[in-house]
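Asker: Data: upload_14.cif, mmCIF, C-alpha atoms.
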data_run
#
loop_
_atom_site.label_atom_id
_atom_site.label_comp_id
_atom_site.auth_asym_id
_atom_site.auth_seq_id
_atom_site.Cartn_x
_atom_site.Cartn_y
_atom_site.Cartn_z
CA MET A 1 54.62 -10.35 53.01
CA THR A 2 53.28 -7.32 51.15
CA LEU A 3 50.65 -5.06 52.67
CA PHE A 4 47.82 -3.72 50.52
CA TRP A 5 47.55 -0.01 51.29
CA ALA A 6 44.70 2.26 50.24
CA MET A 7 46.10 5.29 48.43
CA THR A 8 44.08 7.88 50.30
CA THR A 9 43.92 9.32 53.78
CA ASP A 10 40.12 9.49 53.77
CA HIS A 11 38.67 7.98 56.95
CA SER A 12 36.41 5.74 54.85
CA ALA A 13 39.37 3.85 53.40
CA PRO A 14 39.80 0.32 54.77
CA THR A 15 42.79 -0.30 57.01
CA ALA A 16 45.75 -2.12 55.45
CA VAL A 17 45.88 -5.76 56.53
CA ALA A 18 48.58 -8.30 55.77
CA PRO A 19 47.27 -11.28 53.73
CA THR A 20 47.21 -14.59 55.55
CA SER A 21 47.92 -18.11 54.32
CA LEU A 22 45.32 -20.85 54.66
CA PRO A 23 45.86 -24.61 55.13
CA HIS A 24 45.90 -26.55 51.87
CA LEU A 25 42.69 -28.41 52.72
CA VAL A 26 40.83 -25.13 53.30
CA GLN A 27 42.22 -23.73 50.06
CA ALA A 28 41.01 -26.83 48.19
CA ARG A 29 37.50 -26.41 49.60
CA ILE A 30 37.46 -22.73 48.58
CA PHE A 31 38.64 -23.59 45.08
CA LEU A 32 35.96 -26.27 44.68
CA TYR A 33 33.21 -23.92 45.87
CA LEU A 34 34.33 -21.16 43.50
CA ALA A 35 34.75 -23.55 40.57
CA VAL A 36 31.13 -24.74 40.80
CA LEU A 37 29.88 -21.16 41.20
CA ILE A 38 31.84 -19.91 38.18
CA VAL A 39 30.53 -22.71 35.96
CA LEU A 40 26.89 -22.25 37.03
CA LEU A 41 26.96 -18.51 36.40
CA ALA A 42 28.69 -18.90 33.04
CA PHE A 43 26.04 -21.34 31.85
CA GLY A 44 23.27 -18.96 32.91
CA SER A 45 24.72 -15.86 31.28
CA PRO A 46 22.42 -14.34 28.62
CA ALA A 47 25.49 -12.83 26.95
CA GLY A 48 27.52 -16.04 26.75
CA GLY A 49 27.58 -19.70 27.64
CA LEU A 50 24.90 -21.88 26.06
CA ILE A 51 22.52 -18.97 25.51
CA ASP A 52 24.43 -16.65 23.19
CA ILE A 53 24.96 -18.92 20.18
CA PRO A 54 21.32 -20.09 19.95
CA ILE A 55 20.14 -16.48 20.30
CA SER A 56 22.28 -15.67 17.27
CA PHE A 57 20.55 -18.57 15.54
CA LEU A 58 17.12 -17.16 16.40
CA LEU A 59 18.06 -13.77 15.01
CA LYS A 60 19.75 -15.02 11.86
CA ASN A 61 17.71 -18.04 10.85
CA LYS A 62 14.32 -17.52 12.46
CA LEU A 63 13.93 -13.73 12.29
CA ARG A 64 16.04 -13.51 9.09
CA LEU A 65 18.15 -10.59 10.25
CA PRO A 66 20.92 -9.40 7.92
CA ALA A 67 24.45 -9.14 9.33
CA SER A 68 24.18 -5.39 9.90
CA GLN A 69 21.05 -5.70 12.06
CA LEU A 70 22.58 -8.61 13.95
CA ALA A 71 25.58 -6.40 14.74
CA ASP A 72 23.23 -3.61 15.85
CA PHE A 73 21.40 -6.05 18.13
CA ARG A 74 24.67 -7.09 19.79
CA LEU A 75 25.79 -3.49 20.18
CA VAL A 76 22.57 -2.34 21.86
CA SER A 77 22.01 -5.47 23.95
CA ALA A 78 25.51 -5.06 25.39
CA ILE A 79 24.72 -1.66 26.95
CA PRO A 80 24.44 -3.17 30.47
CA LEU A 81 27.88 -4.74 29.98
CA TYR A 82 29.36 -1.31 29.25
CA LEU A 83 28.12 -0.29 32.71
CA SER A 84 29.51 -3.36 34.50
CA CYS A 85 31.54 -1.22 36.91
CA LEU A 86 28.30 0.25 38.26
CA PHE A 87 27.06 -3.22 39.21
CA GLY A 88 30.37 -3.94 40.88
CA PHE A 89 30.16 -0.67 42.80
CA ILE A 90 26.66 -1.55 44.00
CA ARG A 91 28.01 -4.92 45.16
CA ASP A 92 30.72 -3.15 47.14
CA THR A 93 28.33 -0.75 48.89
CA TRP A 94 25.10 -2.74 49.37
CA ASN A 95 24.36 -5.75 51.60
CA PRO A 96 21.12 -7.37 50.33
CA LEU A 97 19.26 -9.61 52.77
CA GLY A 98 22.13 -9.11 55.22
CA MET A 99 24.01 -11.87 53.36
CA ARG A 100 26.50 -9.81 51.34
CA ASP A 101 27.64 -11.75 48.25
CA ARG A 102 25.35 -14.68 48.96
CA GLY A 103 22.48 -12.20 49.11
CA PHE A 104 23.24 -10.94 45.62
CA MET A 105 23.49 -14.46 44.21
CA LEU A 106 20.35 -15.66 45.98
CA LEU A 107 18.23 -12.60 45.15
CA PHE A 108 19.35 -11.97 41.58
CA GLY A 109 19.82 -15.63 40.75
CA ALA A 110 16.12 -16.05 41.55
CA VAL A 111 15.14 -12.82 39.76
CA THR A 112 17.07 -13.78 36.62
CA ALA A 113 15.57 -17.28 36.66
CA GLY A 114 12.11 -15.76 37.01
CA LEU A 115 12.72 -13.40 34.10
CA TYR A 116 13.85 -16.33 31.94
CA VAL A 117 10.62 -18.19 32.74
CA VAL A 118 8.40 -15.17 32.03
CA PHE A 119 10.18 -14.32 28.77
CA ALA A 120 9.94 -17.96 27.65
CA PHE A 121 6.24 -17.34 26.95
CA PHE A 122 6.57 -13.95 25.23
CA PRO A 123 6.11 -13.66 21.46
CA VAL A 124 9.46 -13.50 19.68
CA THR A 125 10.19 -10.31 17.77
CA TYR A 126 13.33 -8.24 17.31
CA VAL A 127 12.15 -5.65 19.84
CA THR A 128 10.97 -8.11 22.50
CA LEU A 129 14.11 -10.23 22.21
CA LEU A 130 16.32 -7.13 22.49
CA ALA A 131 14.46 -5.93 25.59
CA GLU A 132 14.58 -9.41 27.12
CA VAL A 133 18.33 -9.82 26.64
CA MET A 134 19.01 -6.37 28.10
CA LEU A 135 16.84 -7.00 31.18
CA LEU A 136 18.31 -10.48 31.68
CA THR A 137 21.84 -9.13 31.36
CA THR A 138 21.10 -6.34 33.86
CA SER A 139 19.79 -8.79 36.45
CA PHE A 140 22.57 -11.29 35.77
CA LEU A 141 25.30 -8.68 36.30
CA PHE A 142 24.20 -8.18 39.91
CA ALA A 143 24.77 -11.90 40.56
CA VAL A 144 28.06 -12.17 38.70
CA SER A 145 29.43 -9.03 40.39
CA ALA A 146 29.10 -10.87 43.72
CA GLN A 147 31.06 -13.84 42.38
CA ASN A 148 33.75 -11.55 40.97
CA GLY A 149 34.09 -9.59 44.19
CA LEU A 150 34.06 -12.70 46.37
CA THR A 151 36.70 -14.45 44.28
CA SER A 152 38.97 -11.42 44.17
CA THR A 153 38.63 -10.76 47.91
CA LEU A 154 39.62 -14.32 48.78
CA GLY A 155 42.62 -14.11 46.44
CA GLN A 156 43.76 -10.81 47.96
CA GLN A 157 43.19 -11.59 51.62
CA HIS A 158 44.92 -14.98 51.56
CA ALA A 159 47.87 -14.39 49.21
CA MET A 160 46.58 -16.74 46.53
CA SER A 161 45.66 -14.39 43.69
CA GLY A 162 47.72 -16.44 41.22
CA GLN A 163 45.99 -19.69 42.08
CA ILE A 164 42.62 -17.92 42.01
CA SER A 165 43.43 -16.52 38.56
CA SER A 166 44.38 -19.98 37.31
CA LEU A 167 41.22 -21.57 38.68
CA TRP A 168 39.02 -18.73 37.43
CA ASN A 169 40.34 -18.98 33.89
CA ILE A 170 40.11 -22.77 33.78
CA PHE A 171 36.52 -23.04 34.96
CA ALA A 172 35.33 -20.01 33.00
CA SER A 173 36.68 -21.77 29.90
CA ILE A 174 34.58 -24.90 30.42
CA PRO A 175 31.19 -23.29 29.62
CA ALA A 176 32.76 -21.43 26.70
CA ILE A 177 34.07 -24.69 25.23
CA ALA A 178 30.76 -26.42 25.91
CA ALA A 179 28.91 -23.58 24.19
CA LEU A 180 31.06 -23.90 21.09
CA LEU A 181 30.64 -27.68 20.97
CA ILE A 182 27.04 -27.97 22.18
CA GLY A 183 25.69 -24.61 21.02
CA GLY A 184 25.70 -25.66 17.38
CA THR A 185 23.97 -28.93 18.24
CA LEU A 186 21.39 -27.05 20.29
CA SER A 187 20.82 -24.68 17.38
CA ASP A 188 20.32 -27.65 15.03
CA PHE A 189 17.79 -29.07 17.50
CA LEU A 190 15.95 -25.77 17.65
CA GLU A 191 15.97 -25.54 13.84
CA HIS A 192 13.08 -28.00 13.72
CA ARG A 193 11.01 -26.02 16.21
CA SER A 194 8.92 -22.92 15.69
CA THR A 195 10.42 -19.58 16.67
CA GLU A 196 8.38 -19.46 19.89
CA GLN A 197 9.22 -23.06 20.79
CA ALA A 198 12.91 -22.46 20.17
CA ALA A 199 12.97 -19.34 22.35
CA ARG A 200 10.97 -21.08 25.09
CA THR A 201 13.39 -24.01 25.22
CA LEU A 202 16.38 -21.68 25.28
CA PHE A 203 15.03 -19.46 28.07
CA LEU A 204 13.98 -22.40 30.21
CA ILE A 205 17.55 -23.74 30.02
CA GLY A 206 18.77 -20.34 31.23
CA ALA A 207 16.16 -20.38 34.02
CA ALA A 208 17.40 -23.77 35.24
CA ALA A 209 21.00 -22.54 35.35
CA MET A 210 20.16 -19.37 37.31
CA ALA A 211 17.82 -21.21 39.67
CA SER A 212 20.79 -23.47 40.44
CA VAL A 213 22.81 -20.36 41.30
CA ALA A 214 20.12 -19.19 43.72
CA VAL A 215 19.93 -22.58 45.41
CA TYR A 216 23.73 -22.78 45.59
CA ALA A 217 23.80 -19.39 47.32
CA ILE A 218 21.74 -20.77 50.21
CA TRP A 219 24.70 -22.94 51.21
CA ARG A 220 27.22 -21.17 53.42
CA PRO A 221 30.43 -23.22 53.63
CA SER A 222 32.45 -22.05 56.62
CA SER A 223 35.74 -22.69 54.83
CA VAL A 224 34.79 -19.90 52.41
CA TYR A 225 32.79 -17.30 54.30
CA ASP A 226 34.48 -17.59 57.70
CA ASN A 227 37.76 -16.74 55.99
CA ILE A 228 36.58 -13.40 54.59
CA ARG A 229 37.51 -10.34 56.63
CA VAL A 230 35.02 -7.50 56.35
CA GLU A 231 36.90 -4.51 54.98
CA ARG A 232 34.14 -1.94 55.37
CA ASP A 233 32.67 -0.48 58.54
CA GLY A 234 29.12 -0.94 57.27
CA ALA A 235 28.46 2.73 56.44
CA ALA A 236 28.06 3.37 52.73
CA ARG A 237 30.04 6.36 51.48
CA PRO A 238 29.61 6.21 47.70
CA MET A 239 31.30 9.53 46.89
CA ALA A 240 34.28 8.84 49.15
CA ASP A 241 34.63 5.35 47.68
CA LEU A 242 34.40 6.70 44.15
CA LYS A 243 37.11 9.26 44.91
CA ARG A 244 39.31 6.59 46.44
CA LEU A 245 38.84 4.38 43.38
CA VAL A 246 39.75 7.14 40.92
CA GLN A 247 42.85 8.06 42.95
CA TYR A 248 44.05 4.46 43.28
CA GLN A 249 46.81 4.46 40.66
CA PRO A 250 47.60 0.69 40.44
CA ILE A 251 44.31 0.01 38.65
CA TYR A 252 45.22 1.97 35.52
CA PRO A 253 48.19 -0.03 34.16
CA ALA A 254 46.40 -3.29 35.00
CA LEU A 255 43.24 -2.32 33.09
CA LEU A 256 45.25 -0.88 30.19
CA ILE A 257 47.09 -4.17 29.79
CA TRP A 258 43.80 -6.11 29.91
CA PHE A 259 42.25 -3.82 27.28
CA LEU A 260 45.19 -4.20 24.91
CA TRP A 261 45.24 -7.96 25.39
CA ASN A 262 41.54 -8.26 24.50
CA PHE A 263 41.76 -5.85 21.58
CA ALA A 264 42.69 -8.58 19.10
CA PRO A 265 40.62 -7.93 15.96
CA GLY A 266 42.78 -10.18 13.82
CA SER A 267 41.67 -13.17 15.88
CA VAL A 268 37.93 -12.79 15.35
CA THR A 269 36.23 -11.53 12.17
CA PRO A 270 39.25 -11.53 9.80
CA LEU A 271 40.23 -15.01 10.99
CA GLN A 272 36.70 -16.33 10.48
CA TYR A 273 36.63 -14.95 6.94
CA TYR A 274 40.07 -16.40 6.21
CA LEU A 275 39.13 -19.86 7.43
CA GLN A 276 35.74 -19.91 5.71
CA ASN A 277 36.42 -17.99 2.51
CA THR A 278 40.02 -18.99 1.83
CA LEU A 279 40.27 -22.42 3.46
CA HIS A 280 36.57 -23.23 2.85
CA ALA A 281 35.78 -24.18 6.44
CA GLU A 282 32.18 -25.04 7.32
CA ASP A 283 30.31 -23.32 10.15
CA ALA A 284 30.84 -26.35 12.38
CA GLN A 285 34.58 -26.29 11.70
CA TRP A 286 34.76 -22.63 12.70
CA GLY A 287 33.12 -23.62 15.99
CA GLN A 288 35.58 -26.51 16.35
CA TRP A 289 38.53 -24.17 15.78
CA ASN A 290 37.33 -21.88 18.56
CA ALA A 291 36.69 -24.81 20.90
CA ILE A 292 40.19 -26.23 20.33
CA PHE A 293 41.66 -22.76 20.75
CA ALA A 294 39.84 -22.19 24.06
CA ALA A 295 40.63 -25.68 25.39
CA SER A 296 44.31 -25.28 24.59
CA PHE A 297 44.58 -22.40 27.08
CA ILE A 298 43.77 -24.75 29.96
CA PRO A 299 47.14 -26.58 30.21
CA THR A 300 49.01 -23.29 30.47
CA PHE A 301 46.42 -21.94 32.91
CA MET A 302 47.28 -24.96 35.05
CA LEU A 303 50.98 -24.34 34.55
CA PHE A 304 50.52 -20.76 35.75
CA GLY A 305 48.88 -22.07 38.91
CA PHE A 306 52.12 -23.96 39.59
CA LEU A 307 54.53 -21.22 38.53
CA CYS A 308 52.81 -18.39 40.42
CA ARG A 309 53.88 -19.95 43.73
CA ARG A 310 57.53 -20.09 42.69
CA PHE A 311 58.20 -16.98 40.63
CA PRO A 312 57.33 -13.28 41.08
CA LEU A 313 54.40 -11.97 39.09
CA LYS A 314 56.60 -9.49 37.22
CA SER A 315 58.59 -12.34 35.65
CA LEU A 316 55.43 -14.20 34.66
CA LEU A 317 53.95 -11.04 33.15
CA ILE A 318 57.03 -10.42 31.02
CA TRP A 319 57.59 -13.97 29.86
CA GLY A 320 53.89 -14.62 29.36
CA THR A 321 53.71 -11.64 27.03
CA VAL A 322 56.91 -12.57 25.19
CA ILE A 323 55.46 -16.02 24.53
CA ALA A 324 52.11 -14.55 23.44
CA VAL A 325 53.50 -12.00 20.95
CA PRO A 326 53.85 -14.59 18.10
CA GLN A 327 50.62 -16.32 19.13
CA PHE A 328 48.96 -16.30 15.71
CA VAL A 329 52.09 -16.80 13.60
CA PRO A 330 51.30 -20.53 13.04
CA LEU A 331 48.34 -19.49 10.86
CA LEU A 332 50.80 -18.09 8.32
CA PHE A 333 51.91 -21.64 7.53
CA VAL A 334 48.55 -23.39 7.17
CA HIS A 335 46.95 -24.14 3.81
CA SER A 336 44.02 -26.33 4.81
CA ILE A 337 41.35 -26.33 7.47
CA THR A 338 42.85 -29.51 8.95
CA ALA A 339 46.16 -27.72 9.44
CA ALA A 340 44.32 -24.72 10.89
CA LEU A 341 42.58 -26.92 13.46
CA ALA A 342 45.96 -28.37 14.43
CA ALA A 343 47.46 -24.88 14.66
CA ALA A 344 44.76 -23.86 17.15
CA VAL A 345 46.53 -25.98 19.78
CA PRO A 346 49.85 -24.06 19.95
CA ILE A 347 48.01 -20.77 19.44
CA GLY A 348 45.92 -21.42 22.54
CA LEU A 349 48.86 -22.73 24.55
CA MET A 350 50.84 -19.55 23.92
CA GLY A 351 48.12 -17.34 25.41
CA GLY A 352 47.51 -19.05 28.75
CA ILE A 353 50.35 -17.67 30.86
CA ALA A 354 49.68 -14.12 29.66
CA THR A 355 45.93 -14.26 30.32
CA ALA A 356 46.33 -15.73 33.81
CA SER A 357 49.08 -13.29 34.78
CA TYR A 358 47.04 -10.28 33.62
CA LEU A 359 44.05 -11.40 35.72
CA ASP A 360 46.39 -12.01 38.67
CA LEU A 361 47.63 -8.44 38.29
CA ILE A 362 44.08 -7.08 38.27
CA ILE A 363 43.23 -8.99 41.46
CA ARG A 364 46.35 -7.66 43.19
CA SER A 365 45.58 -4.13 42.01
CA CYS A 366 42.10 -4.01 43.57
CA PRO A 367 41.58 -1.27 46.18
CA ARG A 368 40.41 -2.79 49.43
CA GLY A 369 36.64 -2.94 49.79
CA LEU A 370 36.11 -2.20 46.07
CA GLN A 371 36.95 -5.59 44.59
CA GLY A 372 33.58 -5.88 42.88
CA THR A 373 34.02 -2.59 41.04
CA MET A 374 37.54 -3.46 39.93
CA LEU A 375 36.78 -7.01 38.82
CA MET A 376 33.76 -5.90 36.79
CA SER A 377 35.99 -3.46 34.88
CA PRO A 378 37.45 -6.18 32.61
CA LEU A 379 33.89 -6.86 31.39
CA VAL A 380 33.74 -3.26 30.22
CA SER A 381 37.03 -3.61 28.36
CA THR A 382 36.04 -6.93 26.80
CA SER A 383 32.64 -5.63 25.68
CA LEU A 384 34.15 -2.50 24.17
CA CYS A 385 36.74 -4.60 22.37
CA ARG A 386 34.05 -6.83 20.89
CA GLY A 387 32.39 -3.75 19.47
CA LEU A 388 35.61 -2.39 18.07
CA VAL A 389 36.71 -5.60 16.36
CA MET A 390 33.67 -5.58 14.13
CA SER A 391 35.08 -2.60 12.25
CA TRP A 392 38.78 -2.84 12.96
CA GLU A 393 40.50 -5.51 10.87
CA ARG A 394 44.18 -5.11 11.45
CA THR A 395 46.37 -7.76 13.01
CA SER A 396 46.32 -8.33 16.76
CA MET A 397 50.00 -9.17 17.15
CA SER A 398 51.15 -5.56 17.20
CA THR A 399 48.78 -4.70 20.07
CA THR A 400 50.25 -7.49 22.16
CA ALA A 401 53.77 -6.18 21.71
CA VAL A 402 53.00 -2.77 23.19
CA LEU A 403 52.14 -4.30 26.57
CA LEU A 404 55.75 -4.41 27.73
CA PRO A 405 56.28 -0.65 28.27
CA ALA A 406 53.22 -0.48 30.55
CA TRP A 407 55.11 -2.39 33.25
CA SER A 408 57.45 0.50 33.84
CA ARG A 409 54.53 2.19 35.64
CA LEU A 410 53.54 -0.78 37.79
CA PRO A 411 53.86 -0.16 41.57
CA SER A 412 56.29 -2.51 43.26
CA SER A 413 53.54 -3.80 45.56
CA THR A 414 51.78 -5.47 42.60
CA ARG A 415 54.83 -7.31 41.29
#
Will you turn the file into structure tokens for me?
Answerer:
Amino acid sequence: MTLFWAMTTDHSAPTAVAPTSLPHLVQARIFLYLAVLIVLLAFGSPAGGLIDIPISFLLKNKLRLPASQLADFRLVSAIPLYLSCLFGFIRDTWNPLGMRDRGFMLLFGAVTAGLYVVFAFFPVTYVTLLAEVMLLTTSFLFAVSAQNGLTSTLGQQHAMSGQISSLWNIFASIPAIAALLIGGTLSDFLEHRSTEQAARTLFLIGAAAMASVAVYAIWRPSSVYDNIRVERDGAARPMADLKRLVQYQPIYPALLIWFLWNFAPGSVTPLQYYLQNTLHAEDAQWGQWNAIFAASFIPTFMLFGFLCRRFPLKSLLIWGTVIAVPQFVPLLFVHSITAALAAAVPIGLMGGIATASYLDLIIRSCPRGLQGTMLMSPLVSTSLCRGLVMSWERTSMSTTAVLLPAWSRLPSSTR
């Protein structure tokens, strides 16, 4: 069994500890607890879930913003996401209410819910909506950093990072699929309301989701929290931790692979224009394509959860990427929107093993005691990629192919 060693001799570095295996019943209870937590947080996110699509509706249809201003809104409102690592670092070094991760979820779940309620009664303008989304995202990131750190720590400490990755991807997909299927319906419902009524309804939905997170954090299941070993001595040493993080070499190939995987401009704006302008898809059909695409990842996420216990991660990384390289090739052979919707199934299926294996690698690459910082880093990469794809319209398949050489630099302990 592999030991996770900190790559520094600083006295603040946590001691290497061999991961332990848990009984299957305890694992099942942990997975159920995390699944509910992941879904609740995803539904309450101001930058995703059920909130993001209707906010776009408010900006486009109620405030009549042109596409350029809508893009500017998304760019500026995402500033907290670009700083996600900072929120993870605060999670790793602060213990609010003496409850660690539960303290973050309880405190900032309640704060975010309160902000949603207050903002529900503000007048809706471009400036107020921008400020509201930024403040909500800032508060939300404190709560989600706790979930990220908690999930990663459990995966690391109990040799189940692959199963955690599979579960994480599956249950993070559910709100995304629901948003694509329900978000349009919610927007249609809000169409018949005034701008203020629409915003109030939307924010109160977000408040309910985050209040549920705060209530959920009160519960302390022993199967989860009694199986977490404290990896810090209680004394905060931010500069020493920062130095240890920068010097921890396994994080760099893992984050590079994640960045390249998410930098897929051909799968977003150019694809939308192709489906709508060339194949004459309606807005609802574009949403359906994305929902089918996202749902089709789930079977291969589940397959990864089975394979990760039988094959080394290195093999799954290689074969997952090989399978994902031709992911969007089926679109070359479609000539109708019906065929495109059918093609979304194999396109999604081909990406599941790769996505789950990359997240597994990130979990394994976390420096001990800094799991929150490391697991918030993918949010930075994803947010940056979303900004880049708006102006970068070349195919995504070539970026996937360059992942293979990065494995030559992977430490053997992460394979």
Asker: Please report the interatomic distance between atom CA of A:Pro367 and atom CA of A:Ala214 in Å with one decimal.
Answerer: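 Taking atom CA of A:Pro367 and atom CA of A:Ala214, their separation equals 28.1 Å.
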Asker: Using all atoms listed in the file, find each residue of stretch 12-62 of chain A with at least one atom at most 9 Å away from an atom of stretch 153-175 of chain A; report its shortest atom-to-atom pair and that distance in Å (one decimal), sort the rows by chain and rising residue number, and return the result as a tab-separated table.
Answerer:
residue	atom	partner	partner_atom	distance
A:Val17	CA	A:Gln157	CA	8.1
A:Ala18	CA	A:Gln157	CA	7.6
A:Pro19	CA	A:Gln157	CA	4.6
A:Thr20	CA	A:His158	CA	4.6
A:Ser21	CA	A:His158	CA	5.1
A:Leu22	CA	A:His158	CA	6.7
A:Gln27	CA	A:Met160	CA	9.0
A:Ile30	CA	A:Leu154	CA	8.7
A:Phe31	CA	A:Leu167	CA	7.2
A:Leu34	CA	A:Trp168	CA	8.0
A:Ala35	CA	A:Phe171	CA	5.9
A:Val36	CA	A:Phe171	CA	8.1
A:Ile38	CA	A:Ala172	CA	6.2
A:Val39	CA	A:Phe171	CA	6.1
A:Leu40	CA	A:Pro175	CA	8.6
A:Ala42	CA	A:Pro175	CA	6.1
A:Phe43	CA	A:Pro175	CA	5.9
A:Gly48	CA	A:Pro175	CA	8.6
A:Gly49	CA	A:Pro175	CA	5.5
A:Leu50	CA	A:Pro175	CA	7.4
Asker: For the selection you just gave me, I'd like the residues written to a file as a compact mmCIF listing (two decimals), in the coordinates of the input, keeping C-alpha atoms.
Answerer:
# COMPACT_ATOMS: atom_id res chain seq x y z
CA VAL A 17 45.88 -5.76 56.53
CA ALA A 18 48.58 -8.30 55.77
CA PRO A 19 47.27 -11.28 53.73
CA THR A 20 47.21 -14.59 55.55
CA SER A 21 47.92 -18.11 54.32
CA LEU A 22 45.32 -20.85 54.66
CA GLN A 27 42.22 -23.73 50.06
CA ILE A 30 37.46 -22.73 48.58
CA PHE A 31 38.64 -23.59 45.08
CA LEU A 34 34.33 -21.16 43.50
CA ALA A 35 34.75 -23.55 40.57
CA VAL A 36 31.13 -24.74 40.80
CA ILE A 38 31.84 -19.91 38.18
CA VAL A 39 30.53 -22.71 35.96
CA LEU A 40 26.89 -22.25 37.03
CA ALA A 42 28.69 -18.90 33.04
CA PHE A 43 26.04 -21.34 31.85
CA GLY A 48 27.52 -16.04 26.75
CA GLY A 49 27.58 -19.70 27.64
CA LEU A 50 24.90 -21.88 26.06
Asker: List, as a PyMOL selection string, every residue that the PyMOL selection byres ((chain A and resi 352-366) around 6) selects in the file provided.
Answerer: chain A and resi 152+161-162+165-166+250-251+254+297+300-301+304+317+320-321+349-351+367+371+374+414
Asker: Can I get the selection written as a PDB file, keeping the file's coordinate frame, with C-alpha atoms?
Answerer:
ATOM      1  CA  SER A 152      38.970 -11.420  44.170  1.00  0.00           C
ATOM      2  CA  SER A 161      45.660 -14.390  43.690  1.00  0.00           C
ATOM      3  CA  GLY A 162      47.720 -16.440  41.220  1.00  0.00           C
ATOM      4  CA  SER A 165      43.430 -16.520  38.560  1.00  0.00           C
ATOM      5  CA  SER A 166      44.380 -19.980  37.310  1.00  0.00           C
ATOM      6  CA  PRO A 250      47.600   0.690  40.440  1.00  0.00           C
ATOM      7  CA  ILE A 251      44.310   0.010  38.650  1.00  0.00           C
ATOM      8  CA  ALA A 254      46.400  -3.290  35.000  1.00  0.00           C
ATOM      9  CA  PHE A 297      44.580 -22.400  27.080  1.00  0.00           C
ATOM     10  CA  THR A 300      49.010 -23.290  30.470  1.00  0.00           C
ATOM     11  CA  PHE A 301      46.420 -21.940  32.910  1.00  0.00           C
ATOM     12  CA  PHE A 304      50.520 -20.760  35.750  1.00  0.00           C
ATOM     13  CA  LEU A 317      53.950 -11.040  33.150  1.00  0.00           C
ATOM     14  CA  GLY A 320      53.890 -14.620  29.360  1.00  0.00           C
ATOM     15  CA  THR A 321      53.710 -11.640  27.030  1.00  0.00           C
ATOM     16  CA  LEU A 349      48.860 -22.730  24.550  1.00  0.00           C
ATOM     17  CA  MET A 350      50.840 -19.550  23.920  1.00  0.00           C
ATOM     18  CA  GLY A 351      48.120 -17.340  25.410  1.00  0.00           C
ATOM     19  CA  PRO A 367      41.580  -1.270  46.180  1.00  0.00           C
ATOM     20  CA  GLN A 371      36.950  -5.590  44.590  1.00  0.00           C
ATOM     21  CA  MET A 374      37.540  -3.460  39.930  1.00  0.00           C
ATOM     22  CA  THR A 414      51.780  -5.470  42.600  1.00  0.00           C
TER      23      THR A 414
END
Asker: So the first atom is atom CA of A:Asn262 and the second is atom CA of A:Ala78; what is the distance between them in Å, to one decimal place?
Answerer: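 If I compute the distance from atom CA of A:Asn262 to atom CA of A:Ala78, I get 16.4 Å.
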Asker: Could you check which of A:Ser84, A:Phe119, A:Ile90, A:Ala339 is closest to A:Trp289, using only C-alpha atoms?
Answerer: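 Between A:Ser84, A:Phe119, A:Ile90, A:Ala339, the residue approaching A:Trp289 most closely is A:Ala339.
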Asker: Show me, as lines of an AutoDock Vina configuration file, the centre and edge lengths in Å to one decimal of the axis-aligned box that covers every listed atom of stretch 122-140 of chain A with 6 Å on each side.
Answerer:
center_x = 14.3
center_y = -9.8
center_z = 26.9
size_x = 28.5
size_y = 20.3
size_z = 31.1
Asker: Going by the chain IDs and residue numbers used in this file, which residues fall under the PyMOL selection byres ((chain A and resi 348) around 10)? Write them as a ChimeraX atom specification.
Answerer: /A:290-300,324,327-328,343-347,349-352
Asker: In Å to one decimal, how far is atom CA of A:Gly98 from atom CA of A:Thr373?
Answerer: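 Answer for the atom CA of A:Thr373 to atom CA of A:Gly98 separation: 19.6 Å.
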Asker: Pick out the closest residue to A:Asp226 from this set: A:Val26, A:Leu379, A:Ala176, A:Met210. Count all atoms listed in the file.
Answerer: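 Of A:Val26, A:Leu379, A:Ala176, A:Met210, the one nearest A:Asp226, counting all atoms listed in the file, is A:Val26.
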Asker: Decode the PyMOL selection byres ((chain A and resi 286) around 12) for the given file into explicit residues and return them as a PyMOL selection string.
Answerer: chain A and resi 180-181+184+268-269+271-277+279-285+287-293+337-338+340-341+344
Asker: Out of A:Leu260, A:Gly206, A:Asn95, A:Tyr126, which residue has the shortest atom-to-atom distance to A:Leu70 when counting only C-alpha atoms?
Answerer: A:Tyr126
